[in-house]
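Note sheet for the following structure.
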Amino acid sequence: MIYLDNSATTRAYDAAADAVRRMMLDNYGNPSSLHSAGFAAEKELKRARRDTAAFFGVSEKEIIFTSGGTEGDNMAIRGAYNAAKRRSRRIITTTVEHPAVLETVKKLEQEGAEAVYIGVDKDSRLDVERLREEASKGAAVISIMAVNNETGAKMPICRAAEVKGEAVLHCDAVQALGKEDLKSLPADLISVSAHKIHGPKGVGALVIKKGTRIDEIISGGGQEQGLRSGTENMPGICGFAEALGITGADTGLRDRMARMRKLLLDGILDQIPDVRVNSPEDGCPAILNVSFLGTRGEVLLHRLEGEGICVSTGSACSSGKKGGSHVLRAMGLTDEEVTGAIRFSFGAFNTEEEMPVVVDKLKKAVSGFRKLGSFR
């Protein structure tokens, strides 16, 4: 199988899976328990938090473990808004955010928040002038992703940090994790997920920079500094820390992704006519989004699947919704361009040798669909 849907999820590293198994079978104590098994688990929790903090270049007190990107986004936006809503009820975000952000903002609108949605151009680049204008009016929260999960476009987080004023700046960095430098990311809150970097599903982290106030979202026993109660997911947390360690040590991963992306894109442009490249040239190398005009992306996906190649038509978290990709529509693409879009996303287990195979199978799938369409 050639797996090119790594933006949806990834195969776990062997070492990450081993860490999960070890914590489930050998070190299964509750880190809050006052006995040797509990102390052993607590030691592992402290080690995982220390290693995670080092990856992001922050202190251990600035790391909160979560169940993943969706919870991290909800916790950051709702928590920061609740802490600041006496000062401001405005939330600024973009039209191309992940549903975990957009749906949270919509819920807060129903509760009295005023939301502002900043648009993008045809290359998925944010309207930074409008961002500056809206930020100058004040806000409780500004939420902007680091890398778009459908096109790979990199968002202007540094610019947002410059104009945010008193607002708390949240960054959904789920797709940026492992591909972009997050140590220098000037956001107050950063949410990430383990399963995007070959770690286990159901675990992630929220980086809360020193001095940033958020209200608790999950009440209970007071775990995670009282902000996220509940017995810690020790297998997931330790598997996540293991995956972070491997990712941090793999300094050539980004360059390998860039080469694979170029090989695939060059092959598509050379061998398949009538396409539109939806990913910006300077975007994250882990993602390539292309529209094959005169086709249906969903049909191409299933034809490629029959050849042992896994791709996507967009975000797995919103694939069941009607109307096509909200990201591509926000970019102003036509119905034909949206309908024919395919997302290819690369991971640590992909190879350059796979790319010509994908181009060949893709060429046949596109050609077959177009020929069939000509008889209708």
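By order in the structure tokens, chains are A, B, ...; within a chain, residues start at 1; ligands start at 1, following the order shown.
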
Skip A:Leu182 itself and residues of its chain fewer than 4 positions away, then list as an NGL selection string all residues within 9 Å of it, counting only C-alpha atoms. :A and (55-57 or 173 or 176-178 or 186 or 190)

Residues as selected, N, CA and C atoms, written as a PDB file, in the first residue's frame, can you do that?
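Everything below was put into out07.pdb:
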ATOM      1  N   PHE A  55      10.676  19.936  23.481  1.00  0.00           N
ATOM      2  CA  PHE A  55      10.408  19.977  22.050  1.00  0.00           C
ATOM      3  C   PHE A  55       9.890  21.351  21.633  1.00  0.00           C
ATOM      4  N   PHE A  56       9.047  21.947  22.471  1.00  0.00           N
ATOM      5  CA  PHE A  56       8.457  23.248  22.147  1.00  0.00           C
ATOM      6  C   PHE A  56       9.261  24.423  22.694  1.00  0.00           C
ATOM      7  N   GLY A  57      10.303  24.137  23.440  1.00  0.00           N
ATOM      8  CA  GLY A  57      11.119  25.210  23.988  1.00  0.00           C
ATOM      9  C   GLY A  57      10.420  25.992  25.075  1.00  0.00           C
ATOM     10  N   ALA A 173      -1.788  24.190  15.574  1.00  0.00           N
ATOM     11  CA  ALA A 173      -0.554  23.783  14.900  1.00  0.00           C
ATOM     12  C   ALA A 173      -0.524  22.285  14.617  1.00  0.00           C
ATOM     13  N   ALA A 176       1.198  21.567  11.421  1.00  0.00           N
ATOM     14  CA  ALA A 176       2.568  22.094  11.398  1.00  0.00           C
ATOM     15  C   ALA A 176       3.521  21.251  12.224  1.00  0.00           C
ATOM     16  N   LEU A 177       2.989  20.504  13.180  1.00  0.00           N
ATOM     17  CA  LEU A 177       3.830  19.727  14.086  1.00  0.00           C
ATOM     18  C   LEU A 177       4.720  18.764  13.309  1.00  0.00           C
ATOM     19  N   GLY A 178       6.014  18.859  13.551  1.00  0.00           N
ATOM     20  CA  GLY A 178       6.967  17.979  12.889  1.00  0.00           C
ATOM     21  C   GLY A 178       7.420  18.444  11.524  1.00  0.00           C
ATOM     22  N   PRO A 186       5.159  32.537  17.791  1.00  0.00           N
ATOM     23  CA  PRO A 186       4.818  33.543  18.797  1.00  0.00           C
ATOM     24  C   PRO A 186       3.343  33.556  19.176  1.00  0.00           C
ATOM     25  N   ILE A 190      -0.967  26.972  21.843  1.00  0.00           N
ATOM     26  CA  ILE A 190      -0.652  26.154  20.674  1.00  0.00           C
ATOM     27  C   ILE A 190      -1.211  24.756  20.899  1.00  0.00           C
TER      28      ILE A 190
END

Expected answer as a ChimeraX atom specification: strand (DSSP E) residues in stretch 5-111 of chain A: /A:63-66,90-94

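Counting only C-alpha atoms, the residue from A:Glu336, A:Glu180, A:Glu298, A:Glu307 that sits nearest to A:Asp360 is A:Glu307.
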
Using only C-alpha atoms, determine which residues lie at most 6 Å from stretch 85-97 of chain A, disregarding the query and same-chain residues fewer than 2 positions distant; provide the list as a PyMOL selection string. chain A and resi 81-82+113-119+139-144+327

Once you have the residues from the selection above, write them out as a JSON list (two decimals), in the first residue's frame, restricted to N, CA and C atoms.
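See selection_26.json below for the written result:
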[["chain", "number", "residue", "atom", "x", "y", "z"],
["A", 81, "TYR", "N", -11.58, 32.66, 25.87],
["A", 81, "TYR", "CA", -12.73, 33.57, 25.73],
["A", 81, "TYR", "C", -13.42, 33.77, 27.07],
["A", 82, "ASN", "N", -13.68, 32.69, 27.79],
["A", 82, "ASN", "CA", -14.35, 32.81, 29.08],
["A", 82, "ASN", "C", -13.55, 33.64, 30.07],
["A", 113, "ALA", "N", -21.03, 35.73, 21.77],
["A", 113, "ALA", "CA", -19.77, 36.24, 21.23],
["A", 113, "ALA", "C", -20.00, 36.89, 19.87],
["A", 114, "GLU", "N", -19.12, 37.82, 19.53],
["A", 114, "GLU", "CA", -19.12, 38.44, 18.20],
["A", 114, "GLU", "C", -17.93, 37.89, 17.44],
["A", 115, "ALA", "N", -18.20, 37.20, 16.35],
["A", 115, "ALA", "CA", -17.12, 36.55, 15.59],
["A", 115, "ALA", "C", -16.83, 37.29, 14.30],
["A", 116, "VAL", "N", -15.55, 37.39, 13.99],
["A", 116, "VAL", "CA", -15.09, 38.00, 12.74],
["A", 116, "VAL", "C", -14.28, 36.94, 11.99],
["A", 117, "TYR", "N", -14.64, 36.71, 10.73],
["A", 117, "TYR", "CA", -13.97, 35.69, 9.92],
["A", 117, "TYR", "C", -13.16, 36.37, 8.81],
["A", 118, "ILE", "N", -11.85, 36.22, 8.85],
["A", 118, "ILE", "CA", -10.97, 36.83, 7.86],
["A", 118, "ILE", "C", -10.82, 35.88, 6.67],
["A", 119, "GLY", "N", -10.97, 36.41, 5.46],
["A", 119, "GLY", "CA", -10.91, 35.58, 4.26],
["A", 119, "GLY", "C", -9.51, 35.40, 3.70],
["A", 139, "ALA", "N", -10.07, 42.41, 20.76],
["A", 139, "ALA", "CA", -10.65, 41.07, 20.73],
["A", 139, "ALA", "C", -10.25, 40.32, 21.99],
["A", 140, "ALA", "N", -11.05, 39.31, 22.33],
["A", 140, "ALA", "CA", -10.70, 38.43, 23.43],
["A", 140, "ALA", "C", -9.72, 37.36, 22.96],
["A", 141, "VAL", "N", -10.02, 36.80, 21.78],
["A", 141, "VAL", "CA", -9.22, 35.71, 21.23],
["A", 141, "VAL", "C", -9.03, 35.90, 19.73],
["A", 142, "ILE", "N", -7.84, 35.60, 19.26],
["A", 142, "ILE", "CA", -7.57, 35.48, 17.82],
["A", 142, "ILE", "C", -7.08, 34.06, 17.60],
["A", 143, "SER", "N", -7.75, 33.33, 16.71],
["A", 143, "SER", "CA", -7.38, 31.93, 16.46],
["A", 143, "SER", "C", -7.06, 31.73, 14.98],
["A", 144, "ILE", "N", -5.80, 31.42, 14.70],
["A", 144, "ILE", "CA", -5.34, 31.23, 13.31],
["A", 144, "ILE", "C", -4.43, 30.00, 13.26],
["A", 327, "VAL", "N", -12.64, 25.13, 2.63],
["A", 327, "VAL", "CA", -11.38, 25.81, 2.40],
["A", 327, "VAL", "C", -11.27, 26.23, 0.93]]

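Put simply, atom CA of A:Glu44 is 21.2 Å away from atom CA of A:Ile208.
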
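Distances from A:Glu111, A:Asp121, A:Glu133, A:Asp172 to A:Asp73 were compared using only C-alpha atoms, and the smallest one belongs to A:Asp172.
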
Would you mind listing what lies within 10 Å of stretch 281-285 of chain A as an MDAnalysis selection string, with only C-alpha atoms counted and same-chain residues fewer than 3 positions away left out? chainID A and resid 123:125 146:149 151:155 175:176 179:180 253:262 277:278 288 345:346

Keeping only N, CA, C and O atoms, take the residues you just selected and write them out as a CSV table (one decimal), in the first residue's frame.
chain,number,residue,atom,x,y,z
A,123,ASP,N,-4.9,31.7,-3.5
A,123,ASP,CA,-3.8,30.9,-3.2
A,123,ASP,C,-3.8,30.6,-1.7
A,123,ASP,O,-2.8,30.1,-1.1
A,124,SER,N,-5.0,30.8,-1.0
A,124,SER,CA,-5.2,30.5,0.4
A,124,SER,C,-4.4,31.3,1.3
A,124,SER,O,-4.1,31.0,2.4
A,125,ARG,N,-4.0,32.5,0.8
A,125,ARG,CA,-3.2,33.5,1.7
A,125,ARG,C,-4.1,34.4,2.4
A,125,ARG,O,-5.1,35.0,1.8
A,146,ALA,N,-1.5,27.4,12.0
A,146,ALA,CA,-0.2,27.6,11.4
A,146,ALA,C,-0.1,27.1,10.0
A,146,ALA,O,0.5,27.8,9.2
A,147,VAL,N,-0.6,25.9,9.7
A,147,VAL,CA,-0.6,25.3,8.4
A,147,VAL,C,-2.0,24.8,8.1
A,147,VAL,O,-2.6,24.1,8.9
A,148,ASN,N,-2.5,25.2,6.9
A,148,ASN,CA,-3.9,24.8,6.5
A,148,ASN,C,-3.8,23.3,6.2
A,148,ASN,O,-3.0,22.8,5.5
A,149,ASN,N,-4.8,22.6,6.8
A,149,ASN,CA,-4.8,21.1,6.7
A,149,ASN,C,-5.2,20.6,5.3
A,149,ASN,O,-5.0,19.4,5.0
A,151,THR,N,-4.7,22.6,2.1
A,151,THR,CA,-3.8,23.1,1.1
A,151,THR,C,-2.3,23.2,1.5
A,151,THR,O,-1.4,23.3,0.6
A,152,GLY,N,-2.0,23.2,2.8
A,152,GLY,CA,-0.7,23.3,3.2
A,152,GLY,C,-0.2,24.8,3.3
A,152,GLY,O,1.0,25.0,3.6
A,153,ALA,N,-1.1,25.7,3.0
A,153,ALA,CA,-0.7,27.1,3.1
A,153,ALA,C,-0.3,27.5,4.5
A,153,ALA,O,-1.0,27.1,5.5
A,154,LYS,N,0.8,28.2,4.6
A,154,LYS,CA,1.3,28.7,5.9
A,154,LYS,C,0.7,30.1,6.3
A,154,LYS,O,0.7,31.0,5.5
A,155,MET,N,0.1,30.1,7.5
A,155,MET,CA,-0.6,31.4,7.9
A,155,MET,C,0.4,32.3,8.6
A,155,MET,O,1.3,31.9,9.2
A,175,GLN,N,-1.2,20.5,11.9
A,175,GLN,CA,-0.6,20.1,10.7
A,175,GLN,C,0.8,20.6,10.6
A,175,GLN,O,1.6,20.1,9.8
A,176,ALA,N,1.2,21.6,11.4
A,176,ALA,CA,2.6,22.1,11.4
A,176,ALA,C,3.5,21.3,12.2
A,176,ALA,O,4.7,21.3,12.0
A,179,LYS,N,6.8,19.5,11.0
A,179,LYS,CA,7.1,20.0,9.6
A,179,LYS,C,7.6,21.4,9.7
A,179,LYS,O,8.4,21.8,8.8
A,180,GLU,N,7.2,22.2,10.7
A,180,GLU,CA,7.6,23.6,10.8
A,180,GLU,C,8.2,23.8,12.2
A,180,GLU,O,7.9,23.0,13.1
A,253,LEU,N,13.6,15.1,7.6
A,253,LEU,CA,12.2,14.7,7.2
A,253,LEU,C,11.6,15.8,6.3
A,253,LEU,O,11.0,15.5,5.3
A,254,ARG,N,11.7,17.0,6.7
A,254,ARG,CA,11.1,18.1,5.9
A,254,ARG,C,11.6,18.1,4.5
A,254,ARG,O,10.9,18.3,3.5
A,255,ASP,N,13.0,18.0,4.3
A,255,ASP,CA,13.6,17.9,3.0
A,255,ASP,C,13.1,16.7,2.2
A,255,ASP,O,12.9,16.8,1.0
A,256,ARG,N,12.9,15.6,2.8
A,256,ARG,CA,12.4,14.4,2.1
A,256,ARG,C,11.0,14.6,1.6
A,256,ARG,O,10.7,14.3,0.5
A,257,MET,N,10.2,15.2,2.5
A,257,MET,CA,8.8,15.6,2.1
A,257,MET,C,8.8,16.5,0.9
A,257,MET,O,8.0,16.4,-0.1
A,258,ALA,N,9.7,17.5,0.9
A,258,ALA,CA,9.7,18.5,-0.2
A,258,ALA,C,10.1,17.8,-1.5
A,258,ALA,O,9.6,18.1,-2.6
A,259,ARG,N,11.1,16.9,-1.4
A,259,ARG,CA,11.5,16.2,-2.7
A,259,ARG,C,10.3,15.3,-3.2
A,259,ARG,O,10.1,15.3,-4.4
A,260,MET,N,9.6,14.6,-2.3
A,260,MET,CA,8.5,13.8,-2.7
A,260,MET,C,7.4,14.6,-3.3
A,260,MET,O,6.8,14.3,-4.3
A,261,ARG,N,7.1,15.7,-2.7
A,261,ARG,CA,6.1,16.6,-3.2
A,261,ARG,C,6.4,17.2,-4.6
A,261,ARG,O,5.6,17.2,-5.5
A,262,LYS,N,7.7,17.5,-4.8
A,262,LYS,CA,8.1,18.0,-6.1
A,262,LYS,C,8.0,16.9,-7.2
A,262,LYS,O,7.6,17.2,-8.3
A,277,VAL,N,-3.4,23.5,-9.4
A,277,VAL,CA,-2.7,23.3,-8.2
A,277,VAL,C,-3.2,24.3,-7.1
A,277,VAL,O,-3.1,25.5,-7.3
A,278,ASN,N,-3.8,23.7,-6.1
A,278,ASN,CA,-4.4,24.5,-5.0
A,278,ASN,C,-3.5,24.9,-3.9
A,278,ASN,O,-3.8,25.7,-3.1
A,288,LEU,N,0.0,18.5,-0.6
A,288,LEU,CA,-0.2,18.9,-2.0
A,288,LEU,C,-1.7,18.7,-2.4
A,288,LEU,O,-2.2,17.5,-2.4
A,345,SER,N,-0.8,13.8,1.1
A,345,SER,CA,-0.1,14.2,2.2
A,345,SER,C,0.9,13.2,2.6
A,345,SER,O,0.7,12.0,2.7
A,346,PHE,N,2.1,13.7,2.9
A,346,PHE,CA,3.3,12.8,3.1
A,346,PHE,C,3.7,12.6,4.5
A,346,PHE,O,3.5,13.5,5.4

What residues in stretch 72-152 of chain A get the DSSP label alpha helix (DSSP H)? Please answer as a ChimeraX atom specification. /A:72-84,99-110,128-135

Print the selection's residues with N, CA and C atoms to a file, as a tab-separated table (two decimals), in the first residue's frame.
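again.tsv was written with the following content:
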chain	number	residue	atom	x	y	z
A	72	GLY	N	-7.90	20.33	22.21
A	72	GLY	CA	-6.98	21.44	22.41
A	72	GLY	C	-7.54	22.74	21.85
A	73	ASP	N	-8.13	22.68	20.65
A	73	ASP	CA	-8.73	23.87	20.06
A	73	ASP	C	-9.89	24.37	20.89
A	74	ASN	N	-10.77	23.46	21.30
A	74	ASN	CA	-11.92	23.84	22.13
A	74	ASN	C	-11.47	24.44	23.45
A	75	MET	N	-10.52	23.79	24.09
A	75	MET	CA	-10.03	24.25	25.39
A	75	MET	C	-9.40	25.62	25.29
A	76	ALA	N	-8.61	25.82	24.24
A	76	ALA	CA	-7.92	27.10	24.06
A	76	ALA	C	-8.90	28.24	23.79
A	77	ILE	N	-9.77	28.05	22.82
A	77	ILE	CA	-10.66	29.14	22.41
A	77	ILE	C	-11.71	29.44	23.46
A	78	ARG	N	-12.39	28.39	23.91
A	78	ARG	CA	-13.44	28.61	24.91
A	78	ARG	C	-12.83	29.05	26.24
A	79	GLY	N	-11.72	28.43	26.63
A	79	GLY	CA	-11.09	28.79	27.90
A	79	GLY	C	-10.58	30.22	27.92
A	80	ALA	N	-9.95	30.64	26.83
A	80	ALA	CA	-9.42	32.01	26.75
A	80	ALA	C	-10.55	33.02	26.63
A	81	TYR	N	-11.58	32.66	25.87
A	81	TYR	CA	-12.73	33.57	25.73
A	81	TYR	C	-13.42	33.77	27.07
A	82	ASN	N	-13.68	32.69	27.79
A	82	ASN	CA	-14.35	32.81	29.08
A	82	ASN	C	-13.55	33.64	30.07
A	83	ALA	N	-12.23	33.54	29.99
A	83	ALA	CA	-11.39	34.30	30.90
A	83	ALA	C	-11.34	35.78	30.56
A	84	ALA	N	-11.63	36.12	29.30
A	84	ALA	CA	-11.47	37.52	28.85
A	84	ALA	C	-12.76	38.20	28.44
A	99	PRO	N	-12.63	22.46	11.33
A	99	PRO	CA	-13.95	22.48	11.98
A	99	PRO	C	-13.89	22.57	13.50
A	100	ALA	N	-12.83	22.05	14.12
A	100	ALA	CA	-12.72	22.13	15.57
A	100	ALA	C	-12.67	23.58	16.05
A	101	VAL	N	-12.13	24.46	15.22
A	101	VAL	CA	-12.09	25.89	15.54
A	101	VAL	C	-13.40	26.56	15.12
A	102	LEU	N	-13.81	26.35	13.88
A	102	LEU	CA	-14.99	27.03	13.36
A	102	LEU	C	-16.26	26.68	14.14
A	103	GLU	N	-16.43	25.42	14.47
A	103	GLU	CA	-17.63	25.02	15.21
A	103	GLU	C	-17.61	25.54	16.64
A	104	THR	N	-16.44	25.62	17.24
A	104	THR	CA	-16.33	26.18	18.59
A	104	THR	C	-16.71	27.66	18.58
A	105	VAL	N	-16.21	28.37	17.57
A	105	VAL	CA	-16.53	29.80	17.46
A	105	VAL	C	-18.03	29.99	17.22
A	106	LYS	N	-18.63	29.14	16.40
A	106	LYS	CA	-20.07	29.25	16.14
A	106	LYS	C	-20.88	29.03	17.41
A	107	LYS	N	-20.45	28.06	18.23
A	107	LYS	CA	-21.14	27.81	19.49
A	107	LYS	C	-21.04	29.03	20.41
A	108	LEU	N	-19.87	29.65	20.44
A	108	LEU	CA	-19.70	30.83	21.28
A	108	LEU	C	-20.51	32.01	20.76
A	109	GLU	N	-20.69	32.08	19.44
A	109	GLU	CA	-21.57	33.11	18.87
A	109	GLU	C	-22.99	32.95	19.40
A	110	GLN	N	-23.44	31.71	19.51
A	110	GLN	CA	-24.78	31.44	20.03
A	110	GLN	C	-24.91	31.84	21.49
A	128	VAL	N	-4.07	39.94	5.36
A	128	VAL	CA	-3.41	40.45	6.57
A	128	VAL	C	-3.81	41.89	6.89
A	129	GLU	N	-4.18	42.65	5.88
A	129	GLU	CA	-4.62	44.03	6.14
A	129	GLU	C	-5.94	44.03	6.90
A	130	ARG	N	-6.86	43.14	6.51
A	130	ARG	CA	-8.13	43.04	7.24
A	130	ARG	C	-7.87	42.53	8.65
A	131	LEU	N	-6.95	41.60	8.80
A	131	LEU	CA	-6.60	41.11	10.13
A	131	LEU	C	-6.12	42.25	11.00
A	132	ARG	N	-5.25	43.10	10.47
A	132	ARG	CA	-4.75	44.24	11.23
A	132	ARG	C	-5.89	45.17	11.63
A	133	GLU	N	-6.77	45.47	10.68
A	133	GLU	CA	-7.89	46.38	10.96
A	133	GLU	C	-8.81	45.83	12.06
A	134	GLU	N	-9.13	44.55	11.97
A	134	GLU	CA	-10.04	43.96	12.95
A	134	GLU	C	-9.37	43.84	14.32
A	135	ALA	N	-8.09	43.49	14.33
A	135	ALA	CA	-7.37	43.37	15.60
A	135	ALA	C	-7.26	44.71	16.30

Contacts of A:Val299 at 10 Å (only C-alpha atoms; same-chain gap of 6+ positions) as a PyMOL selection string: chain A and resi 305+313+340+365-366+369

Please dump the current selection as a short mmCIF file (atom, residue, chain, number, x, y, z; two decimals), in the first residue's frame; keep C-alpha atoms.
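Now in part-v4.cif:
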data_model
loop_
_atom_site.label_atom_id
_atom_site.label_comp_id
_atom_site.auth_asym_id
_atom_site.auth_seq_id
_atom_site.Cartn_x
_atom_site.Cartn_y
_atom_site.Cartn_z
CA GLU A 305 -7.73 2.79 -3.48
CA THR A 313 -10.53 14.63 -1.00
CA GLY A 340 -12.17 17.41 -8.68
CA ALA A 365 -7.71 6.98 -13.26
CA VAL A 366 -8.14 10.56 -14.53
CA PHE A 369 -12.99 9.05 -15.80
#

For A:Ala53, list every protein, DNA or RNA residue within 10 Å, evaluated using only C-alpha atoms, and leave out those in the same chain fewer than 5 positions away; present the list as a count of residues only. 13

Near-A:Phe292 list (7 Å; only C-alpha atoms; drop same-chain fewer than 3 positions) as a short mmCIF file (atom, residue, chain, number, x, y, z; two decimals) with all heavy atoms, in the first residue's frame:
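And here's part-v1.cif as it stands now:
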data_model
loop_
_atom_site.label_atom_id
_atom_site.label_comp_id
_atom_site.auth_asym_id
_atom_site.auth_seq_id
_atom_site.Cartn_x
_atom_site.Cartn_y
_atom_site.Cartn_z
N ASP A 274 -5.04 19.71 -17.81
CA ASP A 274 -6.22 20.32 -17.20
C ASP A 274 -6.28 20.08 -15.69
O ASP A 274 -7.20 19.44 -15.16
CB ASP A 274 -7.51 19.79 -17.85
CG ASP A 274 -7.58 20.12 -19.34
OD1 ASP A 274 -7.15 21.23 -19.71
OD2 ASP A 274 -8.04 19.27 -20.12
N VAL A 275 -5.28 20.59 -14.99
CA VAL A 275 -5.27 20.50 -13.54
C VAL A 275 -5.08 21.91 -12.96
O VAL A 275 -4.60 22.81 -13.63
CB VAL A 275 -4.14 19.58 -13.02
CG1 VAL A 275 -4.29 18.18 -13.58
CG2 VAL A 275 -2.76 20.15 -13.34
N ARG A 276 -5.49 22.07 -11.72
CA ARG A 276 -5.25 23.31 -10.98
C ARG A 276 -4.56 22.95 -9.68
O ARG A 276 -5.08 22.14 -8.90
CB ARG A 276 -6.55 24.06 -10.67
CG ARG A 276 -6.29 25.41 -9.96
CD ARG A 276 -7.55 25.99 -9.35
NE ARG A 276 -7.37 27.38 -8.96
CZ ARG A 276 -6.81 27.80 -7.83
NH1 ARG A 276 -6.36 26.93 -6.95
NH2 ARG A 276 -6.71 29.10 -7.57
N THR A 295 -13.31 15.82 -13.49
CA THR A 295 -13.40 14.56 -12.75
C THR A 295 -14.12 14.80 -11.43
O THR A 295 -14.45 15.94 -11.08
CB THR A 295 -12.01 13.98 -12.44
OG1 THR A 295 -11.37 14.77 -11.43
CG2 THR A 295 -11.14 13.94 -13.69
N GLY A 340 -13.27 18.22 -8.17
CA GLY A 340 -12.17 17.41 -8.68
C GLY A 340 -10.91 17.44 -7.85
O GLY A 340 -9.85 16.99 -8.32
N ALA A 341 -10.99 17.93 -6.62
CA ALA A 341 -9.78 18.11 -5.80
C ALA A 341 -9.37 16.84 -5.06
O ALA A 341 -10.20 16.10 -4.54
CB ALA A 341 -9.99 19.24 -4.80
#

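We find atom CA of A:Ala8 and atom CA of A:Thr251 to be spaced 22.4 Å apart.
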